[in-house]
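Trainee: What follows is structure38.pdb; its format and atoms are PDB, C-alpha atoms (C1' of nucleotides).
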ATOM      1  CA  MET N   1     -46.773 125.642 144.019  1.00  0.00           C
ATOM      2  CA  SER N   2     -49.664 124.540 141.980  1.00  0.00           C
ATOM      3  CA  SER N   3     -49.048 126.070 138.612  1.00  0.00           C
ATOM      4  CA  ASP N   4     -52.780 125.936 138.131  1.00  0.00           C
ATOM      5  CA  SER N   5     -53.939 129.477 138.588  1.00  0.00           C
ATOM      6  CA  GLY N   6     -57.034 130.166 136.598  1.00  0.00           C
ATOM      7  CA  SER N   7     -59.633 128.064 134.882  1.00  0.00           C
ATOM      8  CA  ALA N   8     -59.548 126.802 131.318  1.00  0.00           C
ATOM      9  CA  ILE N   9     -62.215 129.345 130.505  1.00  0.00           C
ATOM     10  CA  GLN N  10     -60.041 132.189 131.712  1.00  0.00           C
ATOM     11  CA  LYS N  11     -57.029 130.866 129.835  1.00  0.00           C
ATOM     12  CA  ARG N  12     -58.907 130.669 126.581  1.00  0.00           C
ATOM     13  CA  PHE N  13     -60.317 134.125 127.020  1.00  0.00           C
ATOM     14  CA  GLY N  14     -56.856 135.472 127.798  1.00  0.00           C
ATOM     15  CA  GLU N  15     -55.319 133.893 124.725  1.00  0.00           C
ATOM     16  CA  ASN N  16     -58.002 135.390 122.544  1.00  0.00           C
ATOM     17  CA  LEU N  17     -57.554 138.803 124.098  1.00  0.00           C
ATOM     18  CA  ARG N  18     -53.788 138.700 123.665  1.00  0.00           C
ATOM     19  CA  SER N  19     -54.113 137.615 120.092  1.00  0.00           C
ATOM     20  CA  ILE N  20     -56.533 140.402 119.234  1.00  0.00           C
ATOM     21  CA  ARG N  21     -54.501 143.015 121.103  1.00  0.00           C
ATOM     22  CA  LYS N  22     -51.339 142.082 119.251  1.00  0.00           C
ATOM     23  CA  SER N  23     -53.144 142.105 115.938  1.00  0.00           C
ATOM     24  CA  LYS N  24     -53.948 145.742 116.670  1.00  0.00           C
ATOM     25  CA  GLY N  25     -50.303 146.486 117.419  1.00  0.00           C
ATOM     26  CA  LEU N  26     -50.966 147.605 120.984  1.00  0.00           C
ATOM     27  CA  SER N  27     -48.936 146.952 124.132  1.00  0.00           C
ATOM     28  CA  GLN N  28     -50.626 145.919 127.370  1.00  0.00           C
ATOM     29  CA  GLU N  29     -49.718 149.302 128.773  1.00  0.00           C
ATOM     30  CA  THR N  30     -51.258 151.208 125.903  1.00  0.00           C
ATOM     31  CA  LEU N  31     -54.421 149.142 125.988  1.00  0.00           C
ATOM     32  CA  ALA N  32     -54.656 149.629 129.730  1.00  0.00           C
ATOM     33  CA  LEU N  33     -54.369 153.360 129.253  1.00  0.00           C
ATOM     34  CA  ILE N  34     -57.077 153.440 126.595  1.00  0.00           C
ATOM     35  CA  CYS N  35     -59.629 151.488 128.560  1.00  0.00           C
ATOM     36  CA  GLY N  36     -58.784 152.930 131.945  1.00  0.00           C
ATOM     37  CA  LEU N  37     -57.726 149.670 133.551  1.00  0.00           C
ATOM     38  CA  ASP N  38     -54.485 148.797 135.294  1.00  0.00           C
ATOM     39  CA  ARG N  39     -51.611 147.439 133.199  1.00  0.00           C
ATOM     40  CA  THR N  40     -50.938 144.606 135.648  1.00  0.00           C
ATOM     41  CA  TYR N  41     -54.578 143.671 135.495  1.00  0.00           C
ATOM     42  CA  ILE N  42     -54.639 143.369 131.705  1.00  0.00           C
ATOM     43  CA  GLY N  43     -51.576 141.154 131.949  1.00  0.00           C
ATOM     44  CA  GLY N  44     -53.242 138.946 134.518  1.00  0.00           C
ATOM     45  CA  VAL N  45     -56.304 138.515 132.360  1.00  0.00           C
ATOM     46  CA  GLU N  46     -54.203 137.574 129.333  1.00  0.00           C
ATOM     47  CA  ARG N  47     -52.359 134.988 131.398  1.00  0.00           C
ATOM     48  CA  GLY N  48     -55.695 133.470 132.413  1.00  0.00           C
ATOM     49  CA  GLU N  49     -55.168 134.274 136.066  1.00  0.00           C
ATOM     50  CA  ARG N  50     -58.158 136.554 136.480  1.00  0.00           C
ATOM     51  CA  ASN N  51     -61.904 136.151 136.239  1.00  0.00           C
ATOM     52  CA  ILE N  52     -62.789 139.369 134.449  1.00  0.00           C
ATOM     53  CA  SER N  53     -66.288 140.738 134.787  1.00  0.00           C
ATOM     54  CA  LEU N  54     -68.837 141.721 132.154  1.00  0.00           C
ATOM     55  CA  VAL N  55     -68.359 145.472 132.153  1.00  0.00           C
ATOM     56  CA  ASN N  56     -64.617 145.204 131.741  1.00  0.00           C
ATOM     57  CA  ILE N  57     -64.956 142.624 128.982  1.00  0.00           C
ATOM     58  CA  VAL N  58     -67.020 145.121 127.004  1.00  0.00           C
ATOM     59  CA  LYS N  59     -64.731 148.016 127.938  1.00  0.00           C
ATOM     60  CA  ILE N  60     -61.703 146.184 126.583  1.00  0.00           C
ATOM     61  CA  ALA N  61     -63.564 145.081 123.473  1.00  0.00           C
ATOM     62  CA  GLN N  62     -64.557 148.662 122.709  1.00  0.00           C
ATOM     63  CA  SER N  63     -61.009 149.858 123.326  1.00  0.00           C
ATOM     64  CA  LEU N  64     -59.788 147.337 120.778  1.00  0.00           C
ATOM     65  CA  GLY N  65     -62.515 148.177 118.309  1.00  0.00           C
ATOM     66  CA  VAL N  66     -64.002 144.687 118.321  1.00  0.00           C
ATOM     67  CA  GLU N  67     -67.163 143.016 119.576  1.00  0.00           C
ATOM     68  CA  ALA N  68     -67.228 141.389 122.997  1.00  0.00           C
ATOM     69  CA  LYS N  69     -68.284 138.129 121.364  1.00  0.00           C
ATOM     70  CA  ASP N  70     -64.945 138.020 119.554  1.00  0.00           C
ATOM     71  CA  PHE N  71     -63.287 136.992 122.823  1.00  0.00           C
ATOM     72  CA  PHE N  72     -65.337 133.797 123.020  1.00  0.00           C
TER      73      PHE N  72
ATOM     74  CA  MET V   1     -71.313 157.347 144.337  1.00  0.00           C
ATOM     75  CA  SER V   2     -74.150 157.978 141.953  1.00  0.00           C
ATOM     76  CA  SER V   3     -74.012 154.350 140.994  1.00  0.00           C
ATOM     77  CA  ASP V   4     -77.212 153.610 139.229  1.00  0.00           C
ATOM     78  CA  SER V   5     -78.297 150.076 139.819  1.00  0.00           C
ATOM     79  CA  GLY V   6     -76.681 148.538 136.808  1.00  0.00           C
ATOM     80  CA  SER V   7     -74.978 149.787 133.684  1.00  0.00           C
ATOM     81  CA  ALA V   8     -76.446 149.707 130.196  1.00  0.00           C
ATOM     82  CA  ILE V   9     -74.101 146.830 129.447  1.00  0.00           C
ATOM     83  CA  GLN V  10     -75.479 144.802 132.314  1.00  0.00           C
ATOM     84  CA  LYS V  11     -79.043 145.568 131.323  1.00  0.00           C
ATOM     85  CA  ARG V  12     -78.513 144.457 127.770  1.00  0.00           C
ATOM     86  CA  PHE V  13     -76.811 141.289 128.881  1.00  0.00           C
ATOM     87  CA  GLY V  14     -79.641 140.580 131.285  1.00  0.00           C
ATOM     88  CA  GLU V  15     -82.288 141.065 128.641  1.00  0.00           C
ATOM     89  CA  ASN V  16     -80.499 138.669 126.338  1.00  0.00           C
ATOM     90  CA  LEU V  17     -80.149 136.096 129.075  1.00  0.00           C
ATOM     91  CA  ARG V  18     -83.810 136.351 130.024  1.00  0.00           C
ATOM     92  CA  SER V  19     -84.882 136.041 126.417  1.00  0.00           C
ATOM     93  CA  ILE V  20     -82.768 132.942 125.852  1.00  0.00           C
ATOM     94  CA  ARG V  21     -83.865 131.350 129.124  1.00  0.00           C
ATOM     95  CA  LYS V  22     -87.527 131.833 128.290  1.00  0.00           C
ATOM     96  CA  SER V  23     -87.015 130.473 124.804  1.00  0.00           C
ATOM     97  CA  LYS V  24     -85.807 127.300 126.468  1.00  0.00           C
ATOM     98  CA  GLY V  25     -88.930 127.194 128.621  1.00  0.00           C
ATOM     99  CA  LEU V  26     -87.000 127.387 131.886  1.00  0.00           C
ATOM    100  CA  SER V  27     -87.806 129.312 135.068  1.00  0.00           C
ATOM    101  CA  GLN V  28     -85.117 131.247 136.930  1.00  0.00           C
ATOM    102  CA  GLU V  29     -85.377 128.645 139.657  1.00  0.00           C
ATOM    103  CA  THR V  30     -84.839 125.730 137.313  1.00  0.00           C
ATOM    104  CA  LEU V  31     -81.925 127.402 135.563  1.00  0.00           C
ATOM    105  CA  ALA V  32     -80.389 128.245 138.920  1.00  0.00           C
ATOM    106  CA  LEU V  33     -80.654 124.609 139.931  1.00  0.00           C
ATOM    107  CA  ILE V  34     -79.002 123.397 136.742  1.00  0.00           C
ATOM    108  CA  CYS V  35     -76.014 125.694 136.912  1.00  0.00           C
ATOM    109  CA  GLY V  36     -75.569 125.586 140.675  1.00  0.00           C
ATOM    110  CA  LEU V  37     -76.208 129.269 141.263  1.00  0.00           C
ATOM    111  CA  ASP V  38     -78.767 130.934 143.492  1.00  0.00           C
ATOM    112  CA  ARG V  39     -82.130 131.848 141.917  1.00  0.00           C
ATOM    113  CA  THR V  40     -81.950 135.400 143.276  1.00  0.00           C
ATOM    114  CA  TYR V  41     -78.545 135.767 141.714  1.00  0.00           C
ATOM    115  CA  ILE V  42     -79.835 134.761 138.280  1.00  0.00           C
ATOM    116  CA  GLY V  43     -82.701 137.197 138.754  1.00  0.00           C
ATOM    117  CA  GLY V  44     -80.317 140.004 139.627  1.00  0.00           C
ATOM    118  CA  VAL V  45     -78.269 139.360 136.505  1.00  0.00           C
ATOM    119  CA  GLU V  46     -81.372 139.364 134.309  1.00  0.00           C
ATOM    120  CA  ARG V  47     -82.478 142.668 135.808  1.00  0.00           C
ATOM    121  CA  GLY V  48     -79.066 144.143 134.997  1.00  0.00           C
ATOM    122  CA  GLU V  49     -78.198 144.711 138.623  1.00  0.00           C
ATOM    123  CA  ARG V  50     -75.150 142.525 138.737  1.00  0.00           C
ATOM    124  CA  ASN V  51     -71.851 142.699 136.934  1.00  0.00           C
ATOM    125  CA  ILE V  52     -71.436 138.992 136.296  1.00  0.00           C
ATOM    126  CA  SER V  53     -67.963 137.649 135.658  1.00  0.00           C
ATOM    127  CA  LEU V  54     -66.509 135.448 132.931  1.00  0.00           C
ATOM    128  CA  VAL V  55     -66.732 132.074 134.639  1.00  0.00           C
ATOM    129  CA  ASN V  56     -70.403 132.476 135.542  1.00  0.00           C
ATOM    130  CA  ILE V  57     -71.252 133.748 132.072  1.00  0.00           C
ATOM    131  CA  VAL V  58     -69.903 130.528 130.609  1.00  0.00           C
ATOM    132  CA  LYS V  59     -71.519 128.408 133.327  1.00  0.00           C
ATOM    133  CA  ILE V  60     -74.947 129.820 132.538  1.00  0.00           C
ATOM    134  CA  ALA V  61     -74.397 129.544 128.798  1.00  0.00           C
ATOM    135  CA  GLN V  62     -73.526 125.875 129.126  1.00  0.00           C
ATOM    136  CA  SER V  63     -76.544 125.270 131.339  1.00  0.00           C
ATOM    137  CA  LEU V  64     -78.741 126.768 128.637  1.00  0.00           C
ATOM    138  CA  GLY V  65     -77.031 124.839 125.875  1.00  0.00           C
ATOM    139  CA  VAL V  66     -75.865 127.960 124.058  1.00  0.00           C
ATOM    140  CA  GLU V  67     -72.572 129.703 123.382  1.00  0.00           C
ATOM    141  CA  ALA V  68     -71.380 132.498 125.666  1.00  0.00           C
ATOM    142  CA  LYS V  69     -71.196 134.793 122.657  1.00  0.00           C
ATOM    143  CA  ASP V  70     -74.972 134.486 122.264  1.00  0.00           C
ATOM    144  CA  PHE V  71     -75.373 136.784 125.260  1.00  0.00           C
ATOM    145  CA  PHE V  72     -73.605 139.658 123.474  1.00  0.00           C
TER     146      PHE V  72
ATOM    147  C1'  DG H   1     -92.164 132.046 140.259  1.00  0.00           C
ATOM    148  C1'  DT H   2     -89.960 136.567 140.753  1.00  0.00           C
ATOM    149  C1'  DG H   3     -88.277 141.177 142.981  1.00  0.00           C
ATOM    150  C1'  DT H   4     -85.613 143.378 146.500  1.00  0.00           C
ATOM    151  C1'  DG H   5     -82.586 144.945 150.394  1.00  0.00           C
ATOM    152  C1'  DA H   6     -79.238 143.512 153.246  1.00  0.00           C
ATOM    153  C1'  DC H   7     -75.594 140.861 154.582  1.00  0.00           C
ATOM    154  C1'  DT H   8     -70.675 138.202 154.701  1.00  0.00           C
ATOM    155  C1'  DC H   9     -66.590 137.111 152.478  1.00  0.00           C
ATOM    156  C1'  DA H  10     -63.708 136.000 148.733  1.00  0.00           C
ATOM    157  C1'  DA H  11     -62.253 137.909 144.697  1.00  0.00           C
ATOM    158  C1'  DA H  12     -62.067 141.848 141.361  1.00  0.00           C
ATOM    159  C1'  DG H  13     -59.358 145.574 140.404  1.00  0.00           C
ATOM    160  C1'  DT H  14     -55.530 149.373 141.790  1.00  0.00           C
ATOM    161  C1'  DC H  15     -51.065 150.923 142.815  1.00  0.00           C
ATOM    162  C1'  DC H  16     -46.546 150.508 144.283  1.00  0.00           C
ATOM    163  C1'  DG H  17     -42.436 148.217 143.077  1.00  0.00           C
ATOM    164  C1'  DT H  18     -38.610 144.648 141.106  1.00  0.00           C
ATOM    165  C1'  DT H  19     -37.118 141.249 137.640  1.00  0.00           C
TER     166       DT H  19
ATOM    167  C1'  DA J   1     -42.454 145.618 126.713  1.00  0.00           C
ATOM    168  C1'  DA J   2     -44.183 142.129 129.902  1.00  0.00           C
ATOM    169  C1'  DA J   3     -44.118 138.915 134.231  1.00  0.00           C
ATOM    170  C1'  DC J   4     -44.617 138.973 138.869  1.00  0.00           C
ATOM    171  C1'  DG J   5     -45.272 140.137 143.912  1.00  0.00           C
ATOM    172  C1'  DG J   6     -47.138 142.678 148.017  1.00  0.00           C
ATOM    173  C1'  DA J   7     -50.440 145.521 150.004  1.00  0.00           C
ATOM    174  C1'  DC J   8     -54.318 147.807 149.386  1.00  0.00           C
ATOM    175  C1'  DT J   9     -59.616 149.250 148.359  1.00  0.00           C
ATOM    176  C1'  DT J  10     -63.823 148.091 146.071  1.00  0.00           C
ATOM    177  C1'  DT J  11     -66.978 145.055 144.204  1.00  0.00           C
ATOM    178  C1'  DG J  12     -68.822 140.518 142.726  1.00  0.00           C
ATOM    179  C1'  DA J  13     -70.327 135.960 144.599  1.00  0.00           C
ATOM    180  C1'  DG J  14     -73.334 133.766 147.170  1.00  0.00           C
ATOM    181  C1'  DT J  15     -77.214 133.603 150.463  1.00  0.00           C
ATOM    182  C1'  DC J  16     -81.442 134.889 153.089  1.00  0.00           C
ATOM    183  C1'  DA J  17     -85.988 136.727 154.671  1.00  0.00           C
ATOM    184  C1'  DC J  18     -89.634 138.912 153.098  1.00  0.00           C
ATOM    185  C1'  DA J  19     -92.676 141.062 149.867  1.00  0.00           C
TER     186       DA J  19
END
Kindly transcribe the structure held in the file into structure tokens.
Mentor:
Amino acid sequence: MSSDSGSAIQKRFGENLRSIRKSKGLSQETLALICGLDRTYIGGVERGERNISLVNIVKIAQSLGVEAKDFF
Amino acid sequence: MSSDSGSAIQKRFGENLRSIRKSKGLSQETLALICGLDRTYIGGVERGERNISLVNIVKIAQSLGVEAKDFF
DNA sequence: GTGTGACTCAAAGTCCGTT
DNA sequence: AAACGGACTTTGAGTCACA
């Protein structure tokens, strides 16, 4: 099918998130556990497939010990 | 349940948005027109009532000529 | 020019699993 | 450890009439 799931914005955000998560030495599962979100959801965001909302952006940022602005 | 209308995160985001919009001398209506969103939607975000998602955050930022990170 | 409640509907987000 | 899919519930997106 169209391998175009997700906007460029989402893809960039996802790449940044993945990069920061890895730099903290956390797995998707562990991060998901810390911030109370689903592991498959975190994965989807990192792949740029999901349009994450404000509250969860901040939740994930706090769980990683960074500022929300670092994802942009 | 006891969902207050809007989290602290949303309220802070909304305040920042409103402040930036006003500094650009734009009304909610004008901004809404520029970014293709409804004026009542913009208003709801500014009041901290809505949990806006990534794509619309960037859309509004671009319409204001600022970076998305400026809202955080 | 803005606030607000109510509404529809698509998408956000969860939970189960297999690869 | 992560990608991916199906089925599910909840919430955001988008709009309107009225204050």
Trainee: Contacts of stretch 7-17 of chain H at 9 Å or less, counting all atoms listed in the file, minus same-chain residues fewer than 6 places along, as an NGL selection string?
Mentor: (:N and (37-38 or 41 or 50-53)) or (:J and (5-13 or 15-16))
Trainee: Which residue gives the smallest distance to chain J among V:Val45, V:Leu31, V:Ala61, V:Val66, with all atoms listed in the file counted?
Mentor: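 Looking only at the distances to chain J, the closest residue turns out to be V:Val45.
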Trainee: For the file shown, report as JSON, numbers by chain the outcome of the PyMOL selection byres ((chain N) within 10 of (chain V)) at residue level.
Mentor: {"N": [7, 8, 9, 10, 13, 50, 51, 52, 53, 54, 55, 56, 57, 58, 59, 67, 68, 69, 70, 71, 72]}
Trainee: To test the calculation: enclose all listed atoms of stretch 4-11 of chain J in a box whose edges run along x, y and z, add 5 Å on each side, then state centre and edge lengths in Å to one decimal, as lines of an AutoDock Vina configuration file.
Mentor:
center_x = -55.8
center_y = 144.1
center_z = 144.4
size_x = 32.4
size_y = 20.3
size_z = 21.1
Trainee: If you apply the PyMOL selection byres ((chain H and resi 5) around 10) to this file, what residues do you get, as a compact mmCIF listing (two decimals) with C-alpha atoms (C1' of nucleotides), in the frame of the given file?
Mentor:
# COMPACT_ATOMS: atom_id res chain seq x y z
C1' DT H 4 -85.61 143.38 146.50
C1' DA H 6 -79.24 143.51 153.25
C1' DC H 7 -75.59 140.86 154.58
C1' DA J 17 -85.99 136.73 154.67
C1' DC J 18 -89.63 138.91 153.10
Trainee: After a least-squares fit of chain N on chain V across every C-alpha pair in order, what's the RMSD, to one decimal?
Mentor: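 So the superposition leaves a C-alpha RMSD of 1.8 Å.
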Trainee: Provide as a ChimeraX atom specification the residues of chain V at most 10 Å from chain H, counting only C-alpha atoms (C1' of nucleotides).
Mentor: /V:27-29,39-40,43-44,47,53
Trainee: Could you tell me how far atom C1' of J:DA19 sits from atom CA of V:Leu33, in Å to one decimal place?
Mentor: 22.7 Å
Trainee: What does the distance between atom CA of N:Glu46 and atom CA of N:Gln62 come to in Å, to one decimal place?
Mentor: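 Straight-line distance from atom CA of N:Glu46 to atom CA of N:Gln62 works out to 16.6 Å.
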Trainee: Rank nothing, just name the residue among N:Cys35, N:Gly6, N:Ile42, N:Ile60 nearest to chain J, using all atoms listed in the file.
Mentor: N:Ile42
